[in-house]
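Read through the structure below, which is laid out as structure tokens, and then see the notes.
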Amino acid sequence: MDENVKVVLSGLDELSPRDLYDMLKLRVDVFVVEQKCPYPELDGKDLDALHLRLLSGGDLVGSARIRKPAKTDPAARIGRVVVSPEHRGKKLGDRLMVEAIAQCERLYAESPIKLSAQSQLLRFYESFGFVPVSEEYLEDGIPHVDMQRPAVLTTE
């Protein structure tokens, strides 16, 4: 794992225009272009989310989105987990997940953590304590499975 990677957690309003551009470009480059999946990347959920970014030498090498629990769903959510194609094979996906889980547990300790996993990454997410909670389904033409990790603290 690259020790020179800096972890930055920011709300949308804390991102500079260039930081926001870099993050959205990475997501579009991977999720829309590389995966050949035209879908609305700008989904309105970034506005109230926290954005976890991995920076190496000032360059964005990975990011993930953290959404707080909602009234309709008491779980925190991790999504838009992405590593730059030029930086794959360096365990940065692992680093992103460890950091994202740590932030969710710090901020929302009484909430489980959910994510929507591409089916091909099921084992990757299981290695972080997530378990499938749905049958496989298609999201934008790509097989996915909903997964959940239990809360650190329980209110019982």
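Letters A, B, ... mark the chains of the structure tokens in the order given; residue numbers begin at 1 per chain; ligand numbers begin at 1, in order shown.
Residues in contact with stretch 121-135 of chain A at 7 Å, where only C-alpha atoms are counted and same-chain residues fewer than 5 positions away are skipped, are listed as Val145, Asp146, Met147, Gln148 and Arg149 of chain A.
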Near stretch 36-52 of chain A, 12 Å: stretch 127-147 of chain A residue rows, closest pairs, only C-alpha atoms, as JSON lines:
```
{"residue": "A:Leu138", "atom": "CA", "partner": "A:Cys37", "partner_atom": "CA", "distance": 11.9}
{"residue": "A:Glu139", "atom": "CA", "partner": "A:Tyr39", "partner_atom": "CA", "distance": 9.6}
{"residue": "A:Asp140", "atom": "CA", "partner": "A:Tyr39", "partner_atom": "CA", "distance": 6.6}
{"residue": "A:Gly141", "atom": "CA", "partner": "A:Cys37", "partner_atom": "CA", "distance": 7.3}
{"residue": "A:Ile142", "atom": "CA", "partner": "A:Cys37", "partner_atom": "CA", "distance": 8.1}
{"residue": "A:Pro143", "atom": "CA", "partner": "A:Cys37", "partner_atom": "CA", "distance": 11.9}
```
Surrounding residues of stretch 59-67 of chain A excluding itself and chain neighbours under 5 positions, 8 Å, only C-alpha atoms, as a ChimeraX atom specification: /A:22-23,45-46,48-54,76-84,87,92-93,96,100,104
Which parts of stretch 20-142 of chain A does DSSP call strand (DSSP E or B) when run on the backbone here, written out as an MDAnalysis selection string?
chainID A and resid 50:56 59:67 76:83 113:118 131:132 137:139 142
Write out, as a Markdown table, each residue of stretch 109-140 of chain A that has an atom at most 10 Å from stretch 71-74 of chain A, together with the closest pair of atoms and their distance in Å to one decimal, counting only C-alpha atoms, rows going by chain and rising number.
```
| residue | atom | partner | partner_atom | distance |
| --- | --- | --- | --- | --- |
| A:Glu110 | CA | A:Pro74 | CA | 9.0 |
| A:Ser111 | CA | A:Pro74 | CA | 6.2 |
| A:Pro112 | CA | A:Pro74 | CA | 7.5 |
| A:Ile113 | CA | A:Pro74 | CA | 9.0 |
| A:Lys114 | CA | A:Pro74 | CA | 9.8 |
```
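Of the residues under consideration (A:Leu153, A:Ala117, A:Ala109, A:Val7), A:Val7 shows the shortest atom-to-atom contact distance to A:Leu55 when counting only C-alpha atoms.
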Query - Distance criterion (only C-alpha atoms): nearest to A:Gln103 out of A:Ala151, A:Leu115, A:Ala75, A:Leu9 - result: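 Ranking A:Ala151, A:Leu115, A:Ala75, A:Leu9 by distance to A:Gln103, first place goes to A:Leu9.
You will find atom CA of A:Gly89 at 22.7 Å from atom CA of A:His144.
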**Asked** Mind checking DSSP for stretch 75-107 of chain A and telling me the alpha helix (DSSP H) residues as number ranges by chain?
**Response** A: 92-107
